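Engineer: Before anything else, here's the structure in question.
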Amino acid sequence: MGASVVRMSNALRTQFFFLGVLVGGWSTRIPEVKTALGLNDATLGRVLMGSTVGVLISSQIIGWLMRELGAKQVFYMGSMIFPVGYLCIAFAPNALFLFIGAVFFVLGYAFIDNPITMITQDLEKVADRKFLSGFHAFWCMGTLVAAFFGSFLIGHVPYPIHLSGLALISFSVLIIAGQRLEAKEASGEKKEKIDFPWFGKNTGIIWAIGFAMLCANSAEFGATDWSALFLRDVLGITGQFYVGAFMAFEIGMITSRLLGDKYIHTYGPEKVIKICGFVGSLMWLATMVLGVEMSHGNKVLAYVVILLGYLVAGLGVGPMYPSLITIVGRLSGVETSVAFARCLLIALLGFAVVPGLIGHISDLSSLNIAMLLPISLLAVGGYMSRVARSPRVAAA
């Protein structure tokens with residue numbers, strides 16, 4: 001492997017890792033933020049839906065920015081916007097400011113995630129090997145590290161200080177590591193806009209893959225955003241121990257994503273998505289029902305069962321998104337960058353809407369019932385593996 005490829009791959013691993021640090025740092029402090037601001041589940045759900053606004057804004061401008069400025073410049077923009085949202089969340093005096101923070105949080109996320117994913121696909125073509133699933137494993141490692149060390153700060157360090165520190169460190173590292181990225185930059189010449197309508201002939205496969213990505217994303221962020229609250233509010237787990245489900249889920253994600261490139265190459269993306277979706281959702285559901293039932297008699301054993309369920313759910317969710325991106329890369333008759341941008345937007349709608357929707361369902365019924373939503377979407381994601389059979393998807 002050439003020195004340039006090694007340098008690029010290390011830089012991208014760093015980007016994915018610290019993107020995960022920012023997501024993990026916020027997710028594990030959600031229960032404290034909720035308590036400090038006196039939010040109920042429905043209000044927290046509406047706050048999390050601020051992510052939807054971030055998605056809508058990014059969807060309108062990110063394609064134009066990528067075309068006019070290039071991936072690297074858009075990445076730098078995201079590196080500055082993401083911490084702004086983080087600081088807004090850290091010092092929010094009420095739900096409105098928390099909502100605004102969520103908007104900038106997701107806007108910056110899209111401005112980082114889209115460019116580094118496209119740069120990774122270019123790197124895969126140059127190196128003639130798969131990187132994406134392994135790089136996403138580093139994202140999961142970032143969330144796990146943030147959750148692990150953050151758990152020791154709960155009850156000792158106020159969350160505004162904790163989140164501010166993560167924002168400063170992550171911003172510095174992202175900017176420095178970004179200098180090693182090599183991307184196809186804009187030439188300054190006026191480019192012809194690619195006309196690819198949302199509806200019409202040949203667009204159905206884009207919607208199908210995007211919906212499958214939405215299901216995978218929804219299961220992932222439904223698990224991470226509400227795992228700590230599930231342990232605290234349903235099982236009565238307190239202190240740093242309610243971070244356990246989040247950490248178990250991320251360990252599962254890391255494991256399956258590190259192995260994902262190998263399995264996607266060996267068995268193909270369709271089999272990987274189908275098995276991961278069906279088995280992961282079934283085990284997640286079974287352990288949640290069993291754990292809640294056991295919590296009335298043996299809370300310690302119930303805690304272990306719930307953690308096992310989140311571990312298996314993480315194993316299932318992990319390779320699904322990279323597998324779907326592989327399918328996008330095999331599409332014929334459409335520009336890959338355009339197809340990926342459309343699918344990513346649909347997927348981010350799940351990231352933006354589902355965690356908030358869980359809060360509304362929980363307020364109307366219970367968190368136990370609400371968690372059936374991400375579990376069900378994981379199974380639907382497994383069913384959507386059939387998108388790989390489309391005649392427009394080239395064989396490996």
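Chain labels follow the order of the structure tokens: the first chain is A, the next B, and so on; residue numbering restarts at 1 in every chain, and ligands are counted from 1 in their shown order.
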Excluding Ala92 (chain A) and residues on its chain fewer than 2 positions from it, collect all residues at most 12 Å away from it, counting only C-alpha atoms, and give them as a PyMOL selection string.

Structural biologist: chain A and resi 33-34+36-37+47+84-90+94-102+159-160+163

Engineer: Keeping only N, CA and C atoms, write those residues as a PDB file, in the first residue's frame.

Structural biologist:
ATOM      1  N   VAL A  33     -29.218  16.109  30.913  1.00  0.00           N
ATOM      2  CA  VAL A  33     -29.768  17.290  30.253  1.00  0.00           C
ATOM      3  C   VAL A  33     -31.283  17.330  30.440  1.00  0.00           C
ATOM      4  N   LYS A  34     -31.910  16.179  30.276  1.00  0.00           N
ATOM      5  CA  LYS A  34     -33.365  16.091  30.436  1.00  0.00           C
ATOM      6  C   LYS A  34     -33.784  16.495  31.838  1.00  0.00           C
ATOM      7  N   ALA A  36     -31.959  18.285  34.099  1.00  0.00           N
ATOM      8  CA  ALA A  36     -31.557  19.660  34.419  1.00  0.00           C
ATOM      9  C   ALA A  36     -32.532  20.684  33.859  1.00  0.00           C
ATOM     10  N   LEU A  37     -33.094  20.423  32.678  1.00  0.00           N
ATOM     11  CA  LEU A  37     -34.011  21.366  32.044  1.00  0.00           C
ATOM     12  C   LEU A  37     -35.471  21.044  32.322  1.00  0.00           C
ATOM     13  N   VAL A  47     -37.390  18.277  20.946  1.00  0.00           N
ATOM     14  CA  VAL A  47     -36.041  18.844  20.886  1.00  0.00           C
ATOM     15  C   VAL A  47     -35.183  18.052  19.900  1.00  0.00           C
ATOM     16  N   VAL A  84     -20.230  24.183  17.253  1.00  0.00           N
ATOM     17  CA  VAL A  84     -21.149  25.264  17.627  1.00  0.00           C
ATOM     18  C   VAL A  84     -22.453  24.685  18.171  1.00  0.00           C
ATOM     19  N   GLY A  85     -22.968  23.664  17.474  1.00  0.00           N
ATOM     20  CA  GLY A  85     -24.166  22.990  17.962  1.00  0.00           C
ATOM     21  C   GLY A  85     -23.932  22.324  19.303  1.00  0.00           C
ATOM     22  N   TYR A  86     -22.757  21.770  19.464  1.00  0.00           N
ATOM     23  CA  TYR A  86     -22.405  21.094  20.717  1.00  0.00           C
ATOM     24  C   TYR A  86     -22.401  22.075  21.882  1.00  0.00           C
ATOM     25  N   LEU A  87     -21.789  23.242  21.683  1.00  0.00           N
ATOM     26  CA  LEU A  87     -21.728  24.247  22.742  1.00  0.00           C
ATOM     27  C   LEU A  87     -23.114  24.796  23.061  1.00  0.00           C
ATOM     28  N   CYS A  88     -23.953  24.915  22.046  1.00  0.00           N
ATOM     29  CA  CYS A  88     -25.320  25.378  22.245  1.00  0.00           C
ATOM     30  C   CYS A  88     -26.092  24.384  23.115  1.00  0.00           C
ATOM     31  N   ILE A  89     -25.876  23.105  22.883  1.00  0.00           N
ATOM     32  CA  ILE A  89     -26.507  22.064  23.704  1.00  0.00           C
ATOM     33  C   ILE A  89     -25.966  22.112  25.133  1.00  0.00           C
ATOM     34  N   ALA A  90     -24.658  22.283  25.263  1.00  0.00           N
ATOM     35  CA  ALA A  90     -24.016  22.262  26.576  1.00  0.00           C
ATOM     36  C   ALA A  90     -24.544  23.354  27.499  1.00  0.00           C
ATOM     37  N   ASN A  94     -32.851  26.343  28.087  1.00  0.00           N
ATOM     38  CA  ASN A  94     -34.212  25.821  27.938  1.00  0.00           C
ATOM     39  C   ASN A  94     -34.288  24.932  26.690  1.00  0.00           C
ATOM     40  N   ALA A  95     -35.490  24.409  26.423  1.00  0.00           N
ATOM     41  CA  ALA A  95     -35.675  23.474  25.309  1.00  0.00           C
ATOM     42  C   ALA A  95     -35.437  24.136  23.963  1.00  0.00           C
ATOM     43  N   LEU A  96     -35.758  25.440  23.837  1.00  0.00           N
ATOM     44  CA  LEU A  96     -35.578  26.126  22.559  1.00  0.00           C
ATOM     45  C   LEU A  96     -34.111  26.150  22.136  1.00  0.00           C
ATOM     46  N   PHE A  97     -33.220  26.507  23.070  1.00  0.00           N
ATOM     47  CA  PHE A  97     -31.800  26.546  22.747  1.00  0.00           C
ATOM     48  C   PHE A  97     -31.262  25.133  22.484  1.00  0.00           C
ATOM     49  N   LEU A  98     -31.829  24.148  23.175  1.00  0.00           N
ATOM     50  CA  LEU A  98     -31.443  22.761  22.929  1.00  0.00           C
ATOM     51  C   LEU A  98     -31.841  22.357  21.511  1.00  0.00           C
ATOM     52  N   PHE A  99     -33.018  22.807  21.087  1.00  0.00           N
ATOM     53  CA  PHE A  99     -33.501  22.557  19.725  1.00  0.00           C
ATOM     54  C   PHE A  99     -32.556  23.179  18.702  1.00  0.00           C
ATOM     55  N   ILE A 100     -32.160  24.434  18.929  1.00  0.00           N
ATOM     56  CA  ILE A 100     -31.235  25.124  18.023  1.00  0.00           C
ATOM     57  C   ILE A 100     -29.898  24.382  17.955  1.00  0.00           C
ATOM     58  N   GLY A 101     -29.427  23.917  19.126  1.00  0.00           N
ATOM     59  CA  GLY A 101     -28.189  23.141  19.157  1.00  0.00           C
ATOM     60  C   GLY A 101     -28.295  21.884  18.321  1.00  0.00           C
ATOM     61  N   ALA A 102     -29.464  21.207  18.380  1.00  0.00           N
ATOM     62  CA  ALA A 102     -29.666  19.991  17.589  1.00  0.00           C
ATOM     63  C   ALA A 102     -29.619  20.295  16.092  1.00  0.00           C
ATOM     64  N   TYR A 159     -22.195  18.464  33.029  1.00  0.00           N
ATOM     65  CA  TYR A 159     -22.184  18.148  31.594  1.00  0.00           C
ATOM     66  C   TYR A 159     -21.796  19.334  30.706  1.00  0.00           C
ATOM     67  N   PRO A 160     -22.077  20.621  31.072  1.00  0.00           N
ATOM     68  CA  PRO A 160     -21.600  21.710  30.199  1.00  0.00           C
ATOM     69  C   PRO A 160     -20.081  21.737  30.049  1.00  0.00           C
ATOM     70  N   LEU A 163     -19.047  18.562  27.848  1.00  0.00           N
ATOM     71  CA  LEU A 163     -19.343  18.719  26.427  1.00  0.00           C
ATOM     72  C   LEU A 163     -18.496  19.808  25.783  1.00  0.00           C
TER      73      LEU A 163
END

Engineer: Taking into account only C-alpha atoms, which residue in the set A:Val53, A:Ile327, A:Val393, A:Leu166 is nearest to Ile273 (chain A)?

Structural biologist: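 With only C-alpha atoms as the atom set, the closest residue is A:Ile327.
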
Engineer: So that I can see what lies close to region 288-291 of chain A, please list as a PyMOL selection string the residues with an atom at most 9 Å from it, counting only C-alpha atoms and leaving out residues fewer than 2 positions away in the same chain.

Structural biologist: chain A and resi 235+283-286+293-295+299+301-306+309-310+368

Engineer: Counting only C-alpha atoms, which of A:Ser218, A:Ser79, A:Ser151, A:Ser4 gets nearest to Leu357 (chain A)?

Structural biologist: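 Ranked by minimum distance to Leu357 (chain A), first place goes to A:Ser218.
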
Engineer: Which residue out of A:Gln73, A:Thr14, A:Thr28, A:Thr266 has the minimum interatomic distance to Phe135 (chain A) when only C-alpha atoms are used?

Structural biologist: A:Thr14

Engineer: List the neighbours of Ser27 (chain A) out to 7 Å using only C-alpha atoms; skip same-chain residues closer than 3 positions along the sequence, and give me the result as JSON, numbers by chain.

Structural biologist: {"A": [23, 24, 30, 224, 225]}

Engineer: Keeping only N, CA and C atoms, take the residues you just selected and write them out as a compact mmCIF listing (two decimals), in the first residue's frame.

Structural biologist:
# COMPACT_ATOMS: atom_id res chain seq x y z
N VAL A 23 -20.76 12.30 18.92
CA VAL A 23 -22.08 11.66 19.05
C VAL A 23 -22.19 10.94 20.39
N GLY A 24 -21.15 10.19 20.76
CA GLY A 24 -21.18 9.44 22.00
C GLY A 24 -21.19 10.32 23.24
N ILE A 30 -27.59 12.68 27.85
CA ILE A 30 -28.98 13.05 27.62
C ILE A 30 -29.83 12.97 28.89
N THR A 224 -28.99 4.31 20.57
CA THR A 224 -27.99 5.11 21.28
C THR A 224 -28.62 6.28 22.04
N ASP A 225 -29.58 6.97 21.44
CA ASP A 225 -30.15 8.15 22.08
C ASP A 225 -31.02 7.82 23.29
